[in-house]
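Trainee: What follows is coords18.pdb; its format and atoms are PDB, C-alpha atoms.
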ATOM      1  CA  MET A   1      34.748   4.943  -6.038
ATOM      2  CA  ASN A   2      31.969   7.346  -7.110
ATOM      3  CA  ARG A   3      30.724   4.759  -9.618
ATOM      4  CA  VAL A   4      30.411   2.157  -6.869
ATOM      5  CA  VAL A   5      28.452   4.557  -4.660
ATOM      6  CA  LEU A   6      26.218   5.506  -7.584
ATOM      7  CA  MET A   7      25.580   1.832  -8.451
ATOM      8  CA  LEU A   8      24.733   1.019  -4.827
ATOM      9  CA  PHE A   9      22.333   3.970  -4.703
ATOM     10  CA  ALA A  10      20.668   2.912  -7.980
ATOM     11  CA  THR A  11      20.328  -0.674  -6.757
ATOM     12  CA  SER A  12      18.846   0.508  -3.475
ATOM     13  CA  LEU A  13      16.376   2.727  -5.334
ATOM     14  CA  ALA A  14      15.351  -0.143  -7.624
ATOM     15  CA  CYS A  15      14.769  -2.440  -4.642
ATOM     16  CA  THR A  16      12.704   0.243  -2.911
ATOM     17  CA  TYR A  17      10.557   0.725  -6.032
ATOM     18  CA  ALA A  18      10.074  -3.025  -6.480
ATOM     19  CA  ARG A  19       8.945  -3.304  -2.851
ATOM     20  CA  ALA A  20       6.797  -0.154  -2.987
ATOM     21  CA  GLN A  21       3.723  -2.270  -2.444
ATOM     22  CA  VAL A  22       2.803  -5.182  -0.227
ATOM     23  CA  LEU A  23       0.430  -7.749  -1.722
ATOM     24  CA  HIS A  24      -2.597  -7.905   0.566
ATOM     25  CA  THR A  25      -5.763  -9.434  -0.949
ATOM     26  CA  ILE A  26      -7.286 -10.740  -4.170
ATOM     27  CA  SER A  27     -11.025 -10.818  -4.828
ATOM     28  CA  THR A  28     -13.368 -11.685  -7.644
ATOM     29  CA  ARG A  29     -14.645  -8.616  -9.459
ATOM     30  CA  TRP A  30     -18.204 -10.032  -9.473
ATOM     31  CA  ASN A  31     -19.829 -12.171  -6.762
ATOM     32  CA  ASP A  32     -21.099 -14.782  -9.214
ATOM     33  CA  SER A  33     -18.057 -15.172 -11.482
ATOM     34  CA  PHE A  34     -14.479 -16.410 -11.153
ATOM     35  CA  VAL A  35     -13.185 -15.122 -14.487
ATOM     36  CA  GLU A  36     -12.001 -11.666 -13.296
ATOM     37  CA  TRP A  37      -9.914 -10.990 -10.197
ATOM     38  CA  GLU A  38      -8.781  -7.725  -8.602
ATOM     39  CA  LEU A  39      -5.469  -7.600  -6.746
ATOM     40  CA  PHE A  40      -5.080  -5.208  -3.808
ATOM     41  CA  SER A  41      -1.895  -4.014  -2.114
ATOM     42  CA  LEU A  42      -0.877  -1.965   0.877
ATOM     43  CA  PRO A  43       1.711   0.772   0.557
ATOM     44  CA  THR A  44       5.011   0.221   2.356
ATOM     45  CA  GLN A  45       5.478   1.559   5.862
ATOM     46  CA  ASP A  46       7.359   4.638   4.662
ATOM     47  CA  ALA A  47       4.672   5.638   2.137
ATOM     48  CA  GLU A  48       2.337   8.555   2.865
ATOM     49  CA  GLU A  49      -0.797   6.570   2.065
ATOM     50  CA  THR A  50      -2.016   3.839   4.416
ATOM     51  CA  GLU A  51      -5.125   2.506   2.683
ATOM     52  CA  GLU A  52      -5.340  -0.665   0.620
ATOM     53  CA  TYR A  53      -5.562   0.131  -3.098
ATOM     54  CA  LYS A  54      -6.259  -1.778  -6.298
ATOM     55  CA  SER A  55      -2.856  -2.640  -7.747
ATOM     56  CA  GLY A  56      -3.819  -4.964 -10.572
ATOM     57  CA  GLU A  57      -6.069  -7.570 -12.092
ATOM     58  CA  ILE A  58      -6.026 -11.088 -13.457
ATOM     59  CA  LYS A  59      -8.753 -12.042 -15.912
ATOM     60  CA  GLN A  60      -9.591 -14.561 -18.586
ATOM     61  CA  ARG A  61      -8.143 -13.464 -21.882
ATOM     62  CA  TRP A  62     -11.297 -14.103 -23.868
ATOM     63  CA  LEU A  63     -14.057 -12.990 -21.490
ATOM     64  CA  GLN A  64     -16.821 -13.540 -24.026
ATOM     65  CA  ILE A  65     -15.906 -17.265 -24.053
ATOM     66  CA  ARG A  66     -16.624 -18.086 -20.416
ATOM     67  CA  GLU A  67     -15.586 -21.719 -20.642
ATOM     68  CA  ASP A  68     -12.041 -21.004 -21.813
ATOM     69  CA  TRP A  69     -10.050 -21.277 -18.580
ATOM     70  CA  SER A  70      -6.782 -21.918 -20.434
ATOM     71  CA  GLU A  71      -5.718 -18.312 -21.190
ATOM     72  CA  TRP A  72      -5.473 -15.407 -18.785
ATOM     73  CA  GLU A  73      -3.911 -11.974 -18.769
ATOM     74  CA  PHE A  74      -2.742  -9.788 -15.925
ATOM     75  CA  GLU A  75      -1.890  -6.167 -15.390
ATOM     76  CA  THR A  76      -0.406  -4.647 -12.240
ATOM     77  CA  ASP A  77       1.168  -1.336 -11.314
ATOM     78  CA  SER A  78       4.541  -2.607 -12.516
ATOM     79  CA  MET A  79       3.975  -5.321 -15.144
ATOM     80  CA  ARG A  80       1.680  -6.906 -17.707
ATOM     81  CA  GLY A  81       1.585 -10.328 -19.269
ATOM     82  CA  THR A  82      -0.230 -13.579 -19.924
ATOM     83  CA  ILE A  83      -0.811 -16.881 -18.162
ATOM     84  CA  ARG A  84      -1.527 -19.843 -20.414
ATOM     85  CA  ALA A  85      -1.992 -23.554 -20.083
ATOM     86  CA  LYS A  86       0.712 -25.242 -22.124
ATOM     87  CA  TRP A  87      -1.998 -27.444 -23.668
ATOM     88  CA  LYS A  88      -5.541 -26.109 -23.948
ATOM     89  CA  ASP A  89      -7.280 -29.228 -22.607
ATOM     90  CA  ASN A  90      -4.714 -30.072 -19.931
ATOM     91  CA  PRO A  91      -4.390 -27.801 -16.867
ATOM     92  CA  SER A  92      -1.288 -29.593 -15.576
ATOM     93  CA  GLU A  93       1.308 -27.143 -16.924
ATOM     94  CA  TRP A  94       1.148 -23.361 -17.101
ATOM     95  CA  GLU A  95       3.416 -20.518 -18.169
ATOM     96  CA  LEU A  96       3.254 -16.978 -16.875
ATOM     97  CA  ARG A  97       5.008 -14.600 -19.276
ATOM     98  CA  THR A  98       5.548 -10.925 -18.633
ATOM     99  CA  TYR A  99       5.894  -8.488 -21.512
ATOM    100  CA  ASP A 100       9.359  -7.751 -20.068
ATOM    101  CA  GLY A 101      10.518 -11.297 -20.872
ATOM    102  CA  ASP A 102      10.113 -13.140 -17.551
ATOM    103  CA  ILE A 103       8.865 -16.732 -17.838
ATOM    104  CA  ILE A 104       7.488 -18.604 -14.830
ATOM    105  CA  THR A 105       6.553 -22.289 -15.128
ATOM    106  CA  LEU A 106       3.881 -23.934 -12.964
ATOM    107  CA  ARG A 107       3.555 -27.729 -12.710
ATOM    108  CA  PRO A 108       1.980 -30.117 -10.198
ATOM    109  CA  VAL A 109       4.537 -31.788  -7.946
ATOM    110  CA  PHE A 110       2.720 -35.104  -8.491
ATOM    111  CA  PRO A 111       0.821 -36.010 -11.688
ATOM    112  CA  ARG A 112      -2.910 -35.214 -11.565
ATOM    113  CA  ASP A 113      -2.615 -33.817  -8.009
ATOM    114  CA  PHE A 114      -3.630 -30.164  -8.232
ATOM    115  CA  THR A 115      -3.132 -29.489  -4.511
ATOM    116  CA  GLN A 116       0.655 -29.086  -4.686
ATOM    117  CA  TRP A 117       2.505 -27.082  -7.364
ATOM    118  CA  ARG A 118       6.127 -26.294  -8.226
ATOM    119  CA  VAL A 119       6.574 -22.720  -9.433
ATOM    120  CA  THR A 120       9.919 -21.745 -10.948
ATOM    121  CA  ASP A 121      11.628 -18.996 -12.903
ATOM    122  CA  ASN A 122      14.553 -21.405 -13.586
ATOM    123  CA  THR A 123      16.636 -19.822 -10.822
ATOM    124  CA  ILE A 124      14.318 -20.201  -7.815
ATOM    125  CA  ALA A 125      11.810 -23.040  -7.411
ATOM    126  CA  LEU A 126       9.058 -22.858  -4.803
ATOM    127  CA  GLU A 127       6.364 -25.351  -3.866
ATOM    128  CA  ILE A 128       2.918 -24.153  -2.906
ATOM    129  CA  LYS A 129       0.428 -26.609  -1.506
ATOM    130  CA  SER A 130      -3.046 -26.684  -0.096
ATOM    131  CA  LYS A 131      -3.184 -27.335   3.633
ATOM    132  CA  TYR A 132      -5.971 -29.880   3.055
ATOM    133  CA  THR A 133      -6.652 -31.954  -0.043
ATOM    134  CA  SER A 134     -10.430 -31.845   0.330
ATOM    135  CA  GLN A 135     -10.778 -28.142   1.200
ATOM    136  CA  LEU A 136      -8.771 -25.606  -0.808
ATOM    137  CA  ASP A 137      -9.127 -22.626   1.578
ATOM    138  CA  GLU A 138      -5.477 -22.381   2.670
ATOM    139  CA  TRP A 139      -2.293 -22.524   0.568
ATOM    140  CA  LEU A 140       1.263 -22.196   1.815
ATOM    141  CA  VAL A 141       4.849 -21.909   0.610
ATOM    142  CA  GLN A 142       7.383 -22.778   3.293
ATOM    143  CA  ASP A 143      10.899 -22.537   1.956
ATOM    144  CA  SER A 144      13.855 -22.513   4.329
ATOM    145  CA  GLY A 145      15.897 -20.428   1.902
ATOM    146  CA  HIS A 146      13.280 -17.891   0.775
ATOM    147  CA  GLY A 147      10.616 -17.552   3.476
ATOM    148  CA  THR A 148       6.866 -18.111   3.516
ATOM    149  CA  PHE A 149       3.885 -17.162   1.377
ATOM    150  CA  TYR A 150       0.431 -17.861   2.787
ATOM    151  CA  MET A 151      -2.992 -17.420   1.188
ATOM    152  CA  TYR A 152      -6.334 -18.132   2.833
ATOM    153  CA  THR A 153      -9.971 -17.323   2.165
ATOM    154  CA  LEU A 154     -11.477 -14.533   4.220
ATOM    155  CA  ARG A 155     -14.580 -16.698   4.807
ATOM    156  CA  ALA A 156     -14.485 -20.490   5.123
ATOM    157  CA  ARG A 157     -15.381 -22.327   1.906
ATOM    158  CA  ASP A 158     -15.862 -19.064  -0.015
ATOM    159  CA  PRO A 159     -13.124 -18.732  -2.680
ATOM    160  CA  ARG A 160     -14.129 -15.204  -3.791
ATOM    161  CA  ASP A 161     -11.891 -13.274  -1.362
ATOM    162  CA  TRP A 162      -8.342 -14.188  -0.299
ATOM    163  CA  ALA A 163      -5.824 -12.721   2.120
ATOM    164  CA  ILE A 164      -2.156 -12.796   1.110
ATOM    165  CA  GLU A 165       0.691 -12.918   3.628
ATOM    166  CA  ASP A 166       3.908 -12.467   1.691
ATOM    167  CA  HIS A 167       7.061 -13.093   3.721
ATOM    168  CA  LEU A 168       9.273 -14.198   0.836
ATOM    169  CA  ASP A 169      12.687 -12.598   0.502
ATOM    170  CA  GLU A 170      13.588 -10.053  -2.180
ATOM    171  CA  LYS A 171      15.186 -12.705  -4.414
ATOM    172  CA  VAL A 172      11.701 -13.997  -5.251
ATOM    173  CA  GLY A 173      10.405 -11.853  -8.111
ATOM    174  CA  TYR A 174       7.010 -10.218  -8.364
ATOM    175  CA  ALA A 175       6.113 -12.387 -11.376
ATOM    176  CA  THR A 176       6.708 -15.521  -9.289
ATOM    177  CA  LYS A 177       4.404 -14.166  -6.591
ATOM    178  CA  LEU A 178       1.725 -13.510  -9.217
ATOM    179  CA  ALA A 179       2.107 -17.117 -10.378
ATOM    180  CA  LEU A 180       1.603 -18.348  -6.791
ATOM    181  CA  ILE A 181      -1.524 -16.205  -6.486
ATOM    182  CA  PHE A 182      -2.885 -17.315  -9.852
ATOM    183  CA  ILE A 183      -2.477 -21.047  -9.276
ATOM    184  CA  THR A 184      -4.129 -20.763  -5.865
ATOM    185  CA  VAL A 185      -7.263 -18.963  -7.065
ATOM    186  CA  TYR A 186      -7.396 -21.058 -10.249
ATOM    187  CA  CYS A 187      -7.343 -24.358  -8.352
ATOM    188  CA  ALA A 188      -9.840 -23.163  -5.726
ATOM    189  CA  SER A 189     -12.336 -21.731  -8.235
ATOM    190  CA  PRO A 190     -15.493 -23.882  -8.468
ATOM    191  CA  ARG A 191     -15.199 -24.932 -12.106
ATOM    192  CA  MET A 192     -12.824 -27.894 -11.783
TER     193      MET A 192
END
Rewrite the structure of this file - the entire thing - as structure tokens.
Mentor:
Amino acid sequence: MNRVVLMLFATSLACTYARAQVLHTISTRWNDSFVEWELFSLPTQDAEETEEYKSGEIKQRWLQIREDWSEWEFETDSMRGTIRAKWKDNPSEWELRTYDGDIITLRPVFPRDFTQWRVTDNTIALEIKSKYTSQLDEWLVQDSGHGTFYMYTLRARDPRDWAIEDHLDEKVGYATKLALIFITVYCASPRM
């Protein structure tokens, strides 16, 4: 019986640590460049701090080669990894890999339509899509089993700053949420 109580406590502690931050915004590091992004979070309600803080970054892997949009790396408070196009000259399939071994796959729902993507870790699949096909300011996941995930620009037609409303359940991993964020800012960046 003590083992069961100890396991429940450990599981509860792990869930609390994993949810110790609430994704809030993502912004370009520089006003004139879309190759480096800073991720900001809010502490949970029970945390002592209340201010938004920088919790990570997503940036091109080879910053000195500005035209290489096919390889990215990320680092957050809790994980690091890479995001790569499966084929260098074809942005229609991506893999996010954490250094802990998680693999998230990103593919368009329809060929050559970059306004709707399927993001999966091979256990949970979510679809994120742009509200409008001609304006990429709002992206939404609406999944009856896992909740909603909504991203929108803070200023209309300005893809440098995004708000994140994460209402997905705890079954959806942090790496999957990073993949949703990445594909949104990647598709909305003015280089396509």
Trainee: May I have the protein, DNA and RNA residues with any atom at most 12 Å from the point (-2.6, -28.7, 3.8), counting all atoms listed in the file, written as a list of chain:residue names?
Mentor: A:Thr115, A:Gln116, A:Ile128, A:Lys129, A:Ser130, A:Lys131, A:Tyr132, A:Thr133, A:Ser134, A:Gln135, A:Leu136, A:Asp137, A:Glu138, A:Trp139, A:Leu140, A:Val141, A:Gln142, A:Tyr150, A:Met151, A:Tyr152
Trainee: Could you tell me which residues the PyMOL selection byres ((chain A and resi 62) around 12) returns for this structure, as a list in words?
Mentor: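 Output from the PyMOL selection byres ((chain A and resi 62) around 12), applied to this file: Val35, Glu36, Lys59, Gln60, Arg61, Leu63, Gln64, Ile65, Arg66, Glu67, Asp68, Trp69, Ser70, Glu71, Trp72, Glu73, Thr82 and Arg84 of chain A.
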Trainee: Pick from A:Thr76, A:Ser33, A:Thr176, A:Gln21: nearest to Thr50 (chain A), with all atoms listed in the file counted?
Mentor: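 When distances to Thr50 (chain A) are compared using all atoms listed in the file, the smallest one comes from A:Gln21.
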Trainee: What is the distance, in Å and to one decimal place, between CA of Leu23 (chain A) and CA of Thr148 (chain A)?
Mentor: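 These two atoms are separated by 13.3 Å.
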Trainee: Check which residues satisfy the PyMOL selection byres ((chain A and resi 174) around 12) in the file shown, then give them as a short mmCIF file (atom, residue, chain, number, x, y, z; two decimals) with C-alpha atoms, in the frame of the given file.
Mentor:
data_model
loop_
_atom_site.label_atom_id
_atom_site.label_comp_id
_atom_site.auth_asym_id
_atom_site.auth_seq_id
_atom_site.Cartn_x
_atom_site.Cartn_y
_atom_site.Cartn_z
CA CYS A 15 14.77 -2.44 -4.64
CA TYR A 17 10.56 0.72 -6.03
CA ALA A 18 10.07 -3.02 -6.48
CA ARG A 19 8.94 -3.30 -2.85
CA ALA A 20 6.80 -0.15 -2.99
CA GLN A 21 3.72 -2.27 -2.44
CA VAL A 22 2.80 -5.18 -0.23
CA LEU A 23 0.43 -7.75 -1.72
CA THR A 76 -0.41 -4.65 -12.24
CA ASP A 77 1.17 -1.34 -11.31
CA SER A 78 4.54 -2.61 -12.52
CA MET A 79 3.98 -5.32 -15.14
CA ARG A 80 1.68 -6.91 -17.71
CA LEU A 96 3.25 -16.98 -16.88
CA ARG A 97 5.01 -14.60 -19.28
CA THR A 98 5.55 -10.92 -18.63
CA ASP A 102 10.11 -13.14 -17.55
CA ILE A 103 8.86 -16.73 -17.84
CA ILE A 104 7.49 -18.60 -14.83
CA ASP A 121 11.63 -19.00 -12.90
CA ASP A 166 3.91 -12.47 1.69
CA LEU A 168 9.27 -14.20 0.84
CA ASP A 169 12.69 -12.60 0.50
CA GLU A 170 13.59 -10.05 -2.18
CA LYS A 171 15.19 -12.70 -4.41
CA VAL A 172 11.70 -14.00 -5.25
CA GLY A 173 10.40 -11.85 -8.11
CA ALA A 175 6.11 -12.39 -11.38
CA THR A 176 6.71 -15.52 -9.29
CA LYS A 177 4.40 -14.17 -6.59
CA LEU A 178 1.72 -13.51 -9.22
CA ALA A 179 2.11 -17.12 -10.38
CA LEU A 180 1.60 -18.35 -6.79
CA ILE A 181 -1.52 -16.20 -6.49
#
Trainee: List the neighbours of Val109 (chain A) out to 12 Å using only C-alpha atoms; skip same-chain residues closer than 5 positions along the sequence, and give me the result as a VMD selection string.
Mentor: chain A and resid 92 to 93 114 to 120 125 to 129
Trainee: What gap, in Å, lies between CA of Glu57 (chain A) and CA of Ala156 (chain A)?
Mentor: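 It comes out at 23.1 Å.
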Trainee: If you measure from CA of Ser41 (chain A) to CA of Glu165 (chain A), what distance in Å do you get, rounded to one decimal?
Mentor: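 Atom-to-atom, CA of Ser41 (chain A) to CA of Glu165 (chain A), that is 10.9 Å.
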Trainee: Since I can't run it myself right now, could you work out what the PyMOL selection byres ((chain A and resi 189) around 12) selects here and report it as a list of chain:residue names?
Mentor: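 This file, filtered by the PyMOL selection byres ((chain A and resi 189) around 12), leaves A:Ser27, A:Thr28, A:Asp32, A:Ser33, A:Phe34, A:Val35, A:Glu36, A:Trp37, A:Trp69, A:Gln135, A:Leu136, A:Asp137, A:Thr153, A:Arg157, A:Asp158, A:Pro159, A:Arg160, A:Asp161, A:Trp162, A:Phe182, A:Ile183, A:Thr184, A:Val185, A:Tyr186, A:Cys187, A:Ala188, A:Pro190, A:Arg191, A:Met192.
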Trainee: Point out the residue among A:Thr105, A:Leu154, A:His167, A:Trp94 with the least atom-to-atom distance to Thr25 (chain A), counting all atoms listed in the file.
Mentor: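 Of the candidates, the smallest distance to Thr25 (chain A) is held by A:Leu154.
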Trainee: Taking all listed atoms of region 130-140 of chain A, build the axis-aligned box, pad each of the six sides by 5 Å, then write its centre and edge lengths in Å to one decimal as AutoDock Vina command-line options.
Mentor:
--center_x -4.8 --center_y -27.1 --center_z 1.4 --size_x 22.0 --size_y 19.8 --size_z 14.4
Trainee: Using only C-alpha atoms, can you tell me which of A:Gly145, A:Ile26, A:Asn31, A:Asp89 comes closest to Lys54 (chain A)?
Mentor: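 Using only C-alpha atoms, Lys54 (chain A) sits closest to A:Ile26.
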